[in-house]
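What follows is the content of query-v6.txt (compact mmCIF, C-alpha atoms).
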```txt
# COMPACT_ATOMS: atom_id res chain seq x y z
CA MET A 1 -16.68 -39.47 24.27
CA SER A 2 -13.58 -41.18 25.65
CA GLN A 3 -10.76 -42.24 23.35
CA PRO A 4 -10.17 -45.99 22.89
CA ARG A 5 -7.28 -47.33 24.91
CA LYS A 6 -3.98 -47.72 23.09
CA ARG A 7 -2.26 -51.08 23.30
CA ILE A 8 1.32 -50.54 24.49
CA GLY A 9 4.03 -53.18 24.32
CA LEU A 10 6.29 -52.92 27.38
CA LEU A 11 9.67 -54.46 26.54
CA PHE A 12 11.88 -55.51 29.45
CA GLY A 13 14.66 -57.91 30.41
CA GLY A 14 17.07 -58.30 27.53
CA ARG A 15 20.39 -59.93 26.77
CA SER A 16 22.72 -57.77 28.83
CA ALA A 17 24.26 -57.56 32.28
CA GLU A 18 21.52 -55.04 33.12
CA HIS A 19 18.70 -57.59 32.72
CA GLU A 20 17.68 -57.35 36.40
CA VAL A 21 17.77 -53.55 36.43
CA SER A 22 15.46 -53.53 33.40
CA LYS A 23 12.92 -55.66 35.28
CA LEU A 24 12.91 -53.13 38.14
CA SER A 25 12.53 -50.19 35.73
CA ALA A 26 9.69 -51.89 33.84
CA ALA A 27 7.69 -52.46 37.02
CA ASN A 28 7.92 -48.75 37.76
CA VAL A 29 6.89 -47.81 34.21
CA LEU A 30 3.93 -50.21 34.41
CA ARG A 31 2.71 -48.41 37.52
CA ALA A 32 3.08 -45.04 35.77
CA LEU A 33 1.02 -45.99 32.70
CA ASP A 34 -2.64 -45.03 33.15
CA PRO A 35 -4.73 -48.24 32.81
CA ASP A 36 -7.71 -46.14 31.70
CA ARG A 37 -5.70 -44.93 28.68
CA TYR A 38 -3.47 -47.89 27.93
CA ASP A 39 -3.81 -51.63 27.59
CA ILE A 40 -0.34 -52.83 28.65
CA VAL A 41 1.22 -55.89 27.01
CA PRO A 42 4.40 -56.84 28.94
CA ILE A 43 6.95 -58.57 26.69
CA GLY A 44 9.93 -60.07 28.46
CA ILE A 45 13.13 -60.67 26.54
CA GLY A 46 14.85 -63.72 28.01
CA ARG A 47 18.57 -64.01 28.49
CA ASP A 48 18.51 -66.29 25.44
CA GLY A 49 17.02 -63.48 23.33
CA ARG A 50 13.50 -64.88 22.91
CA TRP A 51 10.58 -62.44 23.18
CA LEU A 52 7.93 -63.84 25.53
CA LEU A 53 4.39 -62.66 26.27
CA CYS A 54 3.94 -62.04 29.99
CA ASP A 55 0.72 -61.68 31.96
CA SER A 56 -0.40 -58.06 32.33
CA GLY A 57 -0.81 -58.58 36.08
CA ASN A 58 2.65 -60.16 36.16
CA GLY A 59 2.06 -62.07 39.35
CA GLY A 60 2.35 -59.19 41.78
CA GLY A 61 0.11 -56.88 39.78
CA ARG A 62 0.87 -53.17 39.42
CA GLY A 63 2.45 -53.14 42.85
CA ALA A 64 5.17 -55.65 41.89
CA LYS A 65 8.70 -54.43 42.60
CA SER A 66 10.08 -56.27 39.55
CA LEU A 67 8.48 -57.68 36.41
CA GLU A 68 9.21 -61.35 35.81
CA ILE A 69 9.15 -63.70 32.83
CA PRO A 70 6.97 -66.71 33.75
CA GLU A 71 8.03 -70.23 32.90
CA GLY A 72 6.34 -71.46 29.75
CA ALA A 73 5.36 -67.99 28.51
CA PRO A 74 4.39 -68.05 24.80
CA GLN A 75 6.91 -66.66 22.34
CA VAL A 76 5.95 -63.60 20.28
CA ALA A 77 7.26 -62.15 17.04
CA LEU A 78 6.70 -58.67 15.61
CA LEU A 79 6.07 -58.87 11.87
CA PRO A 80 8.38 -56.81 9.60
CA GLY A 81 6.34 -54.01 8.07
CA GLY A 82 3.33 -55.13 10.10
CA ALA A 83 2.62 -51.73 11.68
CA GLY A 84 2.67 -53.26 15.15
CA GLU A 85 1.11 -56.62 14.28
CA MET A 86 2.55 -59.31 16.53
CA MET A 87 2.18 -63.09 16.34
CA VAL A 88 1.70 -65.03 19.58
CA LEU A 89 3.02 -68.56 19.16
CA ASN A 90 0.93 -70.86 21.35
CA GLY A 91 2.67 -74.15 20.58
CA ASP A 92 0.32 -76.96 19.59
CA ALA A 93 -2.65 -74.61 19.98
CA GLY A 94 -1.44 -72.63 16.96
CA SER A 95 -0.88 -68.90 16.78
CA THR A 96 -2.88 -65.73 17.26
CA THR A 97 -2.15 -62.10 16.47
CA LEU A 98 -2.54 -58.80 18.25
CA ARG A 99 -1.59 -55.29 17.21
CA LEU A 100 0.49 -52.86 19.25
CA ASP A 101 -0.07 -49.11 18.90
CA ALA A 102 3.37 -48.32 20.32
CA VAL A 103 6.27 -49.93 22.17
CA VAL A 104 8.02 -48.70 25.31
CA PRO A 105 11.47 -50.34 25.41
CA VAL A 106 12.59 -50.41 29.04
CA LEU A 107 15.92 -52.00 28.19
CA HIS A 108 19.38 -51.08 29.43
CA GLY A 109 22.74 -51.92 27.93
CA PRO A 110 23.67 -53.89 24.78
CA ASN A 111 20.93 -55.54 22.72
CA GLY A 112 18.41 -52.99 23.88
CA GLU A 113 19.78 -49.49 24.31
CA ASP A 114 22.35 -49.57 21.51
CA GLY A 115 20.17 -49.25 18.39
CA THR A 116 19.64 -52.99 17.79
CA VAL A 117 16.09 -53.16 19.14
CA GLN A 118 15.35 -49.71 17.71
CA GLY A 119 16.29 -50.96 14.23
CA PHE A 120 14.03 -53.97 14.68
CA LEU A 121 11.12 -51.74 15.74
CA GLU A 122 11.78 -49.52 12.69
CA LEU A 123 11.51 -52.58 10.44
CA ALA A 124 8.28 -53.55 12.20
CA ASN A 125 6.98 -50.02 11.41
CA VAL A 126 5.71 -49.45 14.95
CA PRO A 127 6.09 -46.29 17.07
CA TYR A 128 8.51 -46.63 19.98
CA VAL A 129 9.71 -44.44 22.83
CA GLY A 130 13.22 -43.02 22.82
CA SER A 131 16.06 -42.33 20.43
CA GLY A 132 16.30 -43.86 16.98
CA VAL A 133 19.01 -46.16 15.68
CA MET A 134 21.74 -43.54 15.28
CA GLY A 135 21.13 -41.67 18.54
CA SER A 136 20.87 -44.91 20.49
CA ALA A 137 24.08 -46.34 19.02
CA ALA A 138 26.03 -43.10 19.46
CA GLY A 139 24.86 -42.62 23.03
CA MET A 140 25.63 -46.21 24.00
CA ASP A 141 29.20 -46.30 22.73
CA LYS A 142 31.14 -44.06 25.11
CA ASP A 143 34.09 -43.85 22.73
CA VAL A 144 31.94 -42.68 19.79
CA ALA A 145 29.90 -40.36 22.03
CA LYS A 146 33.00 -38.66 23.44
CA ARG A 147 34.48 -38.18 19.97
CA LEU A 148 31.25 -36.60 18.68
CA LEU A 149 30.95 -34.35 21.73
CA ARG A 150 34.61 -33.33 21.51
CA ASP A 151 34.20 -32.49 17.82
CA SER A 152 31.15 -30.38 18.74
CA GLY A 153 33.29 -28.35 21.14
CA LEU A 154 31.69 -29.79 24.28
CA PRO A 155 33.91 -30.54 27.30
CA VAL A 156 34.75 -34.22 27.95
CA VAL A 157 37.22 -35.88 30.32
CA PRO A 158 40.46 -36.86 28.54
CA PHE A 159 40.39 -40.57 27.64
CA LEU A 160 42.09 -43.46 25.88
CA THR A 161 40.32 -46.20 23.92
CA LEU A 162 41.68 -49.73 24.19
CA THR A 163 40.91 -52.94 22.30
CA PRO A 164 42.42 -56.40 22.87
CA HIS A 165 44.94 -55.55 20.11
CA THR A 166 45.79 -52.02 21.30
CA ARG A 167 46.11 -52.48 25.05
CA VAL A 168 48.62 -50.36 26.97
CA ASP A 169 50.14 -50.79 30.41
CA TYR A 170 49.50 -48.57 33.42
CA ARG A 171 52.57 -46.40 32.89
CA ALA A 172 51.63 -45.62 29.29
CA ALA A 173 48.08 -44.72 30.36
CA VAL A 174 49.40 -42.46 33.13
CA ASP A 175 51.78 -40.72 30.72
CA ALA A 176 49.01 -40.20 28.15
CA LEU A 177 46.41 -38.87 30.59
CA GLY A 178 48.67 -37.01 33.01
CA THR A 179 47.43 -38.62 36.22
CA SER A 180 48.00 -41.79 38.21
CA ASP A 181 44.31 -41.98 39.22
CA LEU A 182 42.30 -43.60 36.42
CA PHE A 183 38.87 -45.03 35.70
CA VAL A 184 38.49 -48.07 33.44
CA LYS A 185 35.11 -48.93 31.93
CA PRO A 186 33.53 -50.93 29.11
CA ALA A 187 32.66 -48.68 26.16
CA ASN A 188 29.19 -50.20 25.73
CA MET A 189 27.63 -50.75 29.11
CA GLY A 190 25.54 -48.83 31.64
CA SER A 191 24.62 -48.85 35.33
CA SER A 192 28.35 -48.69 36.13
CA VAL A 193 28.70 -52.38 35.21
CA GLY A 194 32.36 -53.32 34.78
CA VAL A 195 33.68 -49.92 35.98
CA SER A 196 36.76 -49.83 38.23
CA ARG A 197 39.09 -47.24 39.65
CA ALA A 198 42.82 -47.89 39.29
CA SER A 199 45.81 -46.14 40.83
CA SER A 200 48.51 -48.82 40.52
CA PRO A 201 49.75 -51.25 37.87
CA GLU A 202 48.06 -54.16 39.67
CA GLU A 203 44.71 -52.37 39.95
CA PHE A 204 44.92 -51.25 36.33
CA ALA A 205 45.54 -54.79 35.05
CA LYS A 206 42.60 -56.15 37.08
CA ALA A 207 40.36 -53.28 35.96
CA CYS A 208 41.13 -53.92 32.29
CA GLU A 209 40.45 -57.64 32.65
CA LYS A 210 37.12 -56.88 34.30
CA ALA A 211 36.07 -54.34 31.67
CA PHE A 212 37.06 -56.61 28.77
CA ARG A 213 34.72 -59.28 30.14
CA TYR A 214 31.82 -57.04 29.12
CA ASP A 215 33.05 -55.41 25.91
CA GLY A 216 35.70 -55.65 23.22
CA LYS A 217 36.38 -51.92 23.59
CA VAL A 218 37.40 -50.26 26.85
CA LEU A 219 37.81 -46.62 27.90
CA VAL A 220 40.47 -45.37 30.28
CA GLU A 221 39.66 -41.93 31.64
CA ARG A 222 41.45 -39.37 33.74
CA SER A 223 39.90 -39.22 37.21
CA VAL A 224 38.51 -35.84 38.22
CA THR A 225 39.49 -35.92 41.89
CA ASP A 226 36.49 -35.60 44.23
CA ALA A 227 34.29 -34.65 41.27
CA ARG A 228 30.70 -33.70 41.96
CA GLU A 229 28.36 -35.89 39.88
CA ILE A 230 25.51 -33.79 38.50
CA GLU A 231 22.69 -35.26 36.40
CA CYS A 232 20.12 -33.67 34.12
CA SER A 233 17.06 -35.26 32.47
CA VAL A 234 16.23 -34.13 28.93
CA LEU A 235 12.78 -34.55 27.38
CA GLU A 236 11.45 -33.96 23.87
CA ASN A 237 7.72 -33.57 23.30
CA ALA A 238 5.54 -34.39 20.28
CA ALA A 239 6.23 -30.98 18.73
CA GLY A 240 10.00 -31.50 18.93
CA GLU A 241 10.55 -29.05 21.81
CA ILE A 242 13.50 -30.11 24.00
CA LYS A 243 13.64 -29.20 27.68
CA ALA A 244 16.05 -29.82 30.55
CA SER A 245 14.92 -30.78 34.04
CA PRO A 246 16.05 -29.42 37.39
CA LEU A 247 19.44 -30.84 38.33
CA GLY A 248 20.32 -33.56 40.80
CA GLU A 249 23.55 -34.60 42.48
CA ILE A 250 24.79 -38.10 43.28
CA VAL A 251 26.75 -38.22 46.54
CA PRO A 252 28.37 -41.68 47.04
CA ALA A 253 28.18 -42.79 50.67
CA GLY A 254 29.77 -45.39 52.91
CA SER A 255 32.64 -47.31 51.36
CA HIS A 256 31.67 -46.43 47.78
CA GLY A 257 34.28 -44.16 46.23
CA PHE A 258 32.10 -43.62 43.15
CA TYR A 259 28.55 -44.35 42.01
CA SER A 260 29.09 -48.05 41.32
CA TYR A 261 26.52 -50.72 40.43
CA ASP A 262 26.40 -51.84 44.09
CA ALA A 263 25.88 -48.25 45.27
CA LYS A 264 22.99 -47.86 42.81
CA TYR A 265 21.06 -51.08 43.24
CA ILE A 266 22.35 -53.25 46.11
CA ASP A 267 23.43 -51.06 49.02
CA ALA A 268 20.35 -49.14 50.22
CA ASP A 269 22.66 -46.52 51.74
CA GLY A 270 25.12 -46.50 48.85
CA ALA A 271 24.43 -42.94 47.75
CA LEU A 272 22.50 -39.80 48.55
CA LEU A 273 20.39 -38.26 45.78
CA ARG A 274 20.33 -34.51 46.30
CA ILE A 275 17.50 -32.78 44.39
CA PRO A 276 17.90 -30.00 43.49
CA ALA A 277 21.68 -29.94 43.29
CA GLU A 278 23.32 -27.15 45.26
CA LEU A 279 24.49 -24.89 42.45
CA THR A 280 24.30 -21.21 41.62
CA SER A 281 21.65 -20.21 39.10
CA ASP A 282 24.38 -19.50 36.52
CA GLN A 283 25.96 -22.94 37.05
CA ALA A 284 22.60 -24.68 36.79
CA GLU A 285 21.66 -22.81 33.62
CA ARG A 286 25.02 -23.65 32.00
CA ILE A 287 24.65 -27.35 32.80
CA GLN A 288 21.06 -27.43 31.52
CA ASN A 289 22.11 -25.74 28.27
CA LEU A 290 25.01 -28.20 27.88
CA ALA A 291 22.61 -31.10 28.47
CA VAL A 292 20.39 -29.95 25.60
CA GLU A 293 23.43 -29.36 23.35
CA THR A 294 24.69 -32.86 24.18
CA PHE A 295 21.26 -34.33 23.37
CA LYS A 296 21.26 -32.63 19.98
CA SER A 297 24.92 -33.39 19.17
CA LEU A 298 24.38 -37.14 19.56
CA GLY A 299 21.10 -37.15 17.63
CA CYS A 300 19.08 -38.21 20.67
CA GLU A 301 15.28 -38.19 20.60
CA GLY A 302 12.52 -38.44 23.16
CA LEU A 303 14.53 -38.74 26.34
CA ALA A 304 18.03 -39.00 27.75
CA ARG A 305 19.83 -38.45 31.02
CA VAL A 306 23.06 -36.47 30.70
CA ASP A 307 25.64 -36.88 33.45
CA PHE A 308 28.28 -34.29 34.31
CA PHE A 309 31.41 -33.98 36.43
CA VAL A 310 32.02 -30.67 38.20
CA ASP A 311 35.58 -30.17 39.43
CA PRO A 312 35.32 -28.95 43.05
CA LYS A 313 38.64 -27.10 42.70
CA SER A 314 37.15 -25.00 39.92
CA GLU A 315 33.36 -24.77 39.74
CA SER A 316 33.71 -23.46 36.17
CA SER A 317 35.50 -26.69 35.19
CA LEU A 318 32.72 -28.89 33.87
CA PHE A 319 32.74 -32.12 31.83
CA VAL A 320 30.05 -34.15 30.08
CA ASN A 321 30.58 -37.63 31.52
CA GLU A 322 28.09 -39.78 29.59
CA VAL A 323 24.62 -39.98 28.10
CA ASN A 324 21.96 -42.59 28.83
CA THR A 325 19.34 -42.78 26.07
CA LEU A 326 17.19 -45.29 28.02
CA PRO A 327 17.93 -44.26 31.62
CA GLY A 328 16.80 -46.23 34.62
CA PHE A 329 13.17 -45.92 35.69
CA THR A 330 13.45 -47.73 39.02
CA ALA A 331 11.95 -46.24 42.18
CA ILE A 332 15.31 -44.59 42.96
CA SER A 333 16.31 -43.55 39.44
CA MET A 334 17.25 -39.96 38.76
CA TYR A 335 15.50 -39.52 35.39
CA PRO A 336 11.90 -39.66 36.66
CA LYS A 337 12.81 -38.14 40.02
CA LEU A 338 14.22 -35.01 38.38
CA TRP A 339 11.08 -34.51 36.29
CA GLU A 340 8.92 -35.02 39.38
CA ALA A 341 10.95 -32.23 41.00
CA GLY A 342 10.16 -30.14 37.92
CA GLY A 343 6.42 -30.68 38.38
CA LEU A 344 5.97 -33.54 35.91
CA PRO A 345 4.83 -36.77 37.62
CA GLN A 346 5.69 -40.10 36.05
CA SER A 347 2.21 -40.68 34.65
CA GLU A 348 2.37 -37.39 32.74
CA LEU A 349 6.00 -38.06 31.76
CA MET A 350 4.93 -41.30 30.10
CA GLU A 351 2.16 -39.42 28.27
CA VAL A 352 4.75 -37.06 26.80
CA LEU A 353 7.07 -39.89 25.79
CA ILE A 354 4.36 -41.95 24.09
CA GLY A 355 2.99 -38.82 22.41
CA HIS A 356 6.45 -38.07 21.02
CA ALA A 357 6.85 -41.65 19.78
CA ILE A 358 3.56 -41.62 17.87
CA ALA A 359 4.07 -38.13 16.42
CA ARG A 360 7.60 -39.00 15.22
CA HIS A 361 6.34 -42.21 13.65
CA GLU A 362 3.65 -40.34 11.75
CA ARG A 363 6.20 -37.78 10.50
CA ARG A 364 8.55 -40.49 9.30
CA ASN A 365 5.81 -42.35 7.48
CA GLN A 366 5.02 -39.18 5.54
CA LEU A 367 8.55 -38.99 4.09
CA ALA A 368 8.96 -39.87 0.45
CA LEU A 369 10.59 -43.27 -0.11
CA VAL A 370 11.51 -42.77 -3.78
```
In C-alpha cells, what does this structure look like?
Amino acid sequence: MSQPRKRIGLLFGGRSAEHEVSKLSAANVLRALDPDRYDIVPIGIGRDGRWLLCDSGNGGGRGAKSLEIPEGAPQVALLPGGAGEMMVLNGDAGSTTLRLDAVVPVLHGPNGEDGTVQGFLELANVPYVGSGVMGSAAGMDKDVAKRLLRDSGLPVVPFLTLTPHTRVDYRAAVDALGTSDLFVKPANMGSSVGVSRASSPEEFAKACEKAFRYDGKVLVERSVTDAREIECSVLENAAGEIKASPLGEIVPAGSHGFYSYDAKYIDADGALLRIPAELTSDQAERIQNLAVETFKSLGCEGLARVDFFVDPKSESSLFVNEVNTLPGFTAISMYPKLWEAGGLPQSELMEVLIGHAIARHERRNQLALV
C-alpha cells in the first residue's frame, strides 16, 4: 500500500539581492521533487516581504527555468504553533486553510538564509530543510563564522571587520593584512554579491562603498594570489550521519578574475566547473574532513556547501573561505552537482533532506519544555 503524498511548501524569492537566484534554484528543486511522493505548494516571498501562494504548475510547469510570483496571487500566513497549518487569504472570498507537512526554504541571502525564516518556521512548529536558527545565522555572517572557525583551530584567511564607524583606509588595511591585494565583501551576503577586489586606494574606497550598500558590516580579506577554489557539499541524513561529497573546483574564465556574481549567473562562459577536482587522495581527504569539521563547528544541520582556497604555491596551505547553509540549487550549482558525482541524484538528495527535516522535528518535539 503506497504512502500518502506529503504536502511540501517550497519557499522562494525573498527580500534580498539574491531574489532572482532563488527563483532559479526553486525551479530546479521543483523538478527534483517526486510528484508521486510530494504535493508541492510553491510559496513566493515578494520583494515587499509578503508570502504569496503560487500555482503548482507555475506557468511553465516543471520544465520552467525560473519560478515566478503571479500578479494577484493570494497572500498566505503560517499560524504560530499550528504544526504547518497555513491560512490562504482570498480577499473578499474569505480565507481557507491547508496544512504543510514540511517546508523547503530555497532562499539565499538575508531574510532567508540567516536564521530569520528558520526562527519563523520554528514558531510555526513545522519541519523544514536545512540548518536551524543558530547554524543559519552563524554561517551567514562571515565575520562570526570566521571567528568561530578560528577559535576551533580551523584555517581561515586573515581578515578585518569594518563598520561605518570603524572604517580604515587602504594603507591601514594593507599594513594590517600584509598585502596590497585585498578582497572586500559584505559580511551577510552570498552569490558573490557586493564583492570586489582592490589593489589601490581608489579601488579600495569604491569597493567599500559598494559593499556597504548591501550590509552594515564589511570584511576585508587578504587575497590568496591565484588561489584554487575548491568546494565540498556536506549532507546530514535522518540518523544524524554527516558525509562529505566528492570535491569540485571553480576555474574563473574570460575576464573574470574571481568567481563573481556575473561569472556565476550571467556570463555562460564565466567559469569552468571541474568535477572531480584534480587533487591527490590525501589532499581530497583532508579537505573533506575539514568540511565536516566546519559544518559541526558552526552548528550546521542538513546541508551546507563549504568553500576552500588552496594556495598554489603550497598545496598544503589550505583555508576555509566560507560556508553556505542554503547553497544554490540552479542547473549549474555545485551543491547538487557534487552529490550527483557521488552517485546521489537530485531526487534522492531531496529525499534525504526532507527525511532529515522531519526526523529532527520529531526529536525536538520530544524534548521536555519544563
Scan for residues within 6 Å of the point (40.4, -50.9, 42.3) in the coordinates of the file, using all atoms listed in the file, and reply as a compact mmCIF listing (two decimals) with C-alpha atoms, in the frame of the given file.
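Written output follows (point-v1.txt):
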```txt
# COMPACT_ATOMS: atom_id res chain seq x y z
CA SER A 196 36.76 -49.83 38.23
CA ARG A 197 39.09 -47.24 39.65
CA ALA A 198 42.82 -47.89 39.29
CA GLU A 203 44.71 -52.37 39.95
```
Handout entry: Atomic separation - atom CA of Val224 of chain A relative to atom CA of Leu182 of chain A, Å
Key =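 Value for the atom CA of Leu182 of chain A-atom CA of Val224 of chain A distance: 8.8 Å.
When only C-alpha atoms are used to compute distances to Ser16 of chain A, the closest of the residues A:Asp55, A:Glu71, A:Asp114, A:Asp34 turns out to be A:Asp114.
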Dump as a PDB file with C-alpha atoms, in the frame of the given file all residues having an atom at most 8 Å from (4.7, -64.1, 16.3), computed in the file's coordinates with only C-alpha atoms.
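part_6.pdb, written as the output of this step:
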```pdb
ATOM      1  CA  GLN A  75       6.910 -66.660  22.340  1.00  0.00           C
ATOM      2  CA  VAL A  76       5.950 -63.600  20.280  1.00  0.00           C
ATOM      3  CA  ALA A  77       7.260 -62.150  17.040  1.00  0.00           C
ATOM      4  CA  LEU A  78       6.700 -58.670  15.610  1.00  0.00           C
ATOM      5  CA  LEU A  79       6.070 -58.870  11.870  1.00  0.00           C
ATOM      6  CA  MET A  86       2.550 -59.310  16.530  1.00  0.00           C
ATOM      7  CA  MET A  87       2.180 -63.090  16.340  1.00  0.00           C
ATOM      8  CA  VAL A  88       1.700 -65.030  19.580  1.00  0.00           C
ATOM      9  CA  LEU A  89       3.020 -68.560  19.160  1.00  0.00           C
ATOM     10  CA  SER A  95      -0.880 -68.900  16.780  1.00  0.00           C
ATOM     11  CA  THR A  96      -2.880 -65.730  17.260  1.00  0.00           C
ATOM     12  CA  THR A  97      -2.150 -62.100  16.470  1.00  0.00           C
TER      13      THR A  97
END
```
Exercise for the section: Could you tell me how far atom CA of Gly84 of chain A lies from atom CA of Arg360 of chain A, in Å and to one decimal? Expected result: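 Taking atom CA of Gly84 of chain A and atom CA of Arg360 of chain A, their separation equals 15.1 Å.
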